[in-house]
Each structure stands twice: as structure tokens, then as C-alpha cells.
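Peer 1: Attaching a single structure in C-alpha cells format; questions to follow.
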Amino acid sequence: MTALFLPSLVRIGGGALNELPVALQQAGLNAPFIITDQFMVKTGVLGRVVTCLEQQGICAGSFGDAVPDPTVTSVYNALKALKSGHYDCVIGLGGGSPIDTAKMVAVLARHGSSPAVLKVPHIQNEPGLPVIAIPTTAGTGSEATKVTVITDEKTDEKMLCSGYAYLPRIAIVDYELTLTMPRRLTADTGLDALTHAIEAYVSQRASAFTDGLALSAMRRIWHALPVACSDPGNRYAREQMMQGAFEAGMAFSNASVALVHGMSRPIGAHFHVAHGLSNAMLLPEITAWSCSGAPERYAACAKIMGIASSSADETAACAALVNALRAISQELDVPAPAACGIDKERWYALIPQMAEQALASGSPADNPRVPDHSEISRLYEAIWR
Ligand SMILES: [Fe+2]
């Protein structure tokens, strides 16, 4: 038996944003509160959404100060703004951070509590306010997932919060919103999406349903990501990336991520490395270490992405996959931790704590090869370079 959690109303494709008022009406919602960031405010995207709603007689409130790697303080600031009016749903507009902020605010608005109490192992199934996700990057898949990650700025811990309450009721997946993304953001968020697809496929909790989504996502992303990075206005590549990121989000939300994400979150929390970038730093080496746990699965990844021929044996296909992941990291200028300004002594000093936090997130337990504390520590050492 497989339990599946998916957004119930989806609009996908170029121009999908214009369908937001209709989708709200279909869900019986008419007083949205929009959470977004300053980039969306300054580039006029928030204004466009507000106007689109107003034209259909829907008056929205907004908070434009969501921050990257959303902190507890930023969540409470948004919650305070929401409570100053009367709203029946929360729209997250932007990359993963505004959407994750919206998810937490939607739960706190109805139930109180705090992110520290709501982090795993707690599972928040009782719904908060309905969430509408409008992603403007092709990467996090947050529009399709029942998780949110909030950073405790006092301890630098990235708190993973999970449950049905965080699953958006509506997802508006419009690739036209990604056409102006800069190269670095395209690469980082795209590599995050690729990691979601691979980890969902090799996860011990994968199912036939998530396999189909994960393989489709991998194929799309692998071919489109280099094009979207080198030719930002390429509509076909952007469309493929958006579709792939959404598929990967549905896949990992229902199959879990694994060791890459488990180890990535502490890097982001302690060293403020962008989520996609910390995944990308880990992906080739963690894949190399994990292959022996499910060689047939990793070989299938290589084959669907066209990295290995369909007749290649498992060993050759796994080796080709690891090499290709190293090559794309180089092509997209993914730095090792040593090359991005991280202090070496602090990195090594924090390894025991990062390994503990990785294990505590639960994600490594879903990896095809399950590591212990010392193995995770050695992997952190290995990627330093
Ligand atoms: Fe991710």
C-alpha cells in the first residue's frame, strides 16, 4: 500500500499565473494573504499577482520581506502581518523560501505552537490555512511537497517540518516566471531538482508511482539544465525544467529524499550555502558512496538520462553516472566547500555536529546504503577538497 499526497488543484504551463483567481474560486477561497520576498516586490511580480486578483474582485494582503533560508523571526514577522487582517488562505510566491515561509505561517495562524515544537519527529497532519504555491524557480519542488524547512537562527539548525498540513492545496506552475532567472540560481535550483529526482528513485521508500515521476523528472532536467543555464530565454528548456522540478517534488514528497539532503541541510545552516549548491557539492561523492546499496537503481538513472546505453551493465552504468555528475558540477561551476570561502578549521570542527544533525533529520535512513555517524563524518571530510 502506498499513501500519496499531491496538490489537489494544479495549473501548469506558460501563462498559468493568469488562472490563479479561477483556481482560488474553485477552492472556495477569496481572501488570500501573499508572502513573498523583496526581489519579487522590486521586479513587479507581486504587483502583477495583486492586479490579476483585483481584476477578478479578489483583494489580497501581502508581506514582502520573506528571507532566504527562512528563520523563525521572519516567520513570526509574516504571521504578525497576516493576523492584522482577515484572510482565508496563504499564497507563497517566489523560490522555496517564501513558499516554505507561507507553509509554516499557514499552520501557526490556525494552531499556534512554534517551528521548534513542530519539527520532526512531530508530524503535522491537521491542516492550517490552505496554502497556494506559486514557484518562480525550477528547483525546490516546494509547490508539491508536504515539508517545510525553517532555520533556528539561534542554533543554526535547519528544522525539517513535515505533514499533510504543509502540502499546498493549489500549485500554479508557470515556467514564464523563470525566464529571467540568473545563471547561478538556475544552476543551483536545477541541481536541487535533479537531486530530488535521483534521491526519490533510490530511496528505500520509493514506489511504482514515485518511480515514474522521478525517472521522467531526471530525463527532462538532465537535458534541459545546461541549456537553461547557457540560454536563459530558451522557453522549451525552461518549460522542461519547471515540469521536471514539479515531478521531482511530487516524487520526493512521497518517497523521501536521502543522504544528500540529510548532509546538505547542516552545511546550509552553519555556512549559509544556498540549498541547491550544498546539494550539488555532495551529489557526485554521495552517489559514488551509495551506488553499492542499489546498483540497479543508479544504473537505471544513468540509462534514463542517456548517460549510459540501455545495454550497459550495472557497474559500467553506475561509474558513468558518477562521472557525469562530476562533469556537470564542473560545467555549472559548483565549488567544493574549500573554494567558497568556508573556514577549514570551522568546517572540520563542526563535522561531528553536522553528522549528528544529518542523522537526526531521518533522511540518511532512507538512503539505499545507510551510513553511521563516522561514515557521514568521513564523507564530509571527503568533499572538502
Ligand atoms: Fe532540495
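If you're wondering about the labels, chains in the C-alpha cells are A, B, ... by order shown, residues count from 1 in each chain, ligands from 1 in order shown.
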Check which residues fall inside 10 Å of ligand 1 when counting only C-alpha atoms and all ligand atoms, and print them as JSON, numbers by chain.
Peer 2: {"A": [96, 139, 140, 141, 142, 149, 189, 190, 191, 192, 193, 194, 195, 196, 197, 199, 248, 249, 252, 257, 260, 261, 262, 264, 265, 275, 276, 277, 278, 279]}
Peer 1: Would you pick out the contacts of A:Ala133 at 8 Å or less, using only C-alpha atoms, so that residues sharing its chain but fewer than 5 positions from it are not included, and give the list as a VMD selection string?
Peer 2: chain A and resid 91 to 93 99 142 to 143 168 170 to 172
Peer 1: Taking only C-alpha atoms into account, which of A:Val72, A:Cys59, A:Ala165, A:Ala319 comes nearest A:Thr151?
Peer 2: A:Val72
Peer 1: Taking the DSSP secondary structure from the backbone, can you list the residues of stretch 165-373 of chain A that are helix (DSSP H, G or I), as a PyMOL selection string?
Peer 2: chain A and resi 165-166+175-178+183-202+208-230+235-255+259-271+275-293+295-304+314-331+337-339+344-360+363-366+373
Peer 1: Would you kindly return, as a ChimeraX atom specification, each protein, DNA or RNA residue with an atom no farther than 8 Å from any atom of A:Val120, considering only C-alpha atoms and excluding same-chain residues fewer than 2 positions away?
Peer 2: /A:118,122-123,159-162,361
Peer 1: Find the residues around A:Gln38 up to 12 Å (only C-alpha atoms counted), leave out those fewer than 2 positions away in its own chain, and share them as a ChimeraX atom specification.
Peer 2: /A:35-36,40-47,62-68,93-95,97-98
Peer 1: Check the smallest atom-to-atom distance from each of A:Glu331, A:Asp188, A:Asp366, A:Glu285 to A:Arg378 using only C-alpha atoms, then report the winner.
Peer 2: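 Closest candidate: A:Glu285.
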Peer 1: With a distance cut-off of 7 Å and only C-alpha atoms, select the neighbouring residues of A:Ile58, excluding the residue or stretch itself and same-chain residues fewer than 4 positions from it, and output the selection as an NGL selection string.
Peer 2: :A and (30-31 or 53-54)
Peer 1: Find the residues around stretch 342-347 of chain A up to 12 Å (only C-alpha atoms counted), leave out those fewer than 6 positions away in its own chain, and share them as number ranges by chain.
Peer 2: A: 266-268, 270-273, 335-336, 353-355, 377, 380-385
Peer 1: Counting only C-alpha atoms, what is within 9 Å of A:Cys52, bar same-chain residues fewer than 2 positions away, as a ChimeraX atom specification?
Peer 2: /A:17-21,47-50,54-56,58
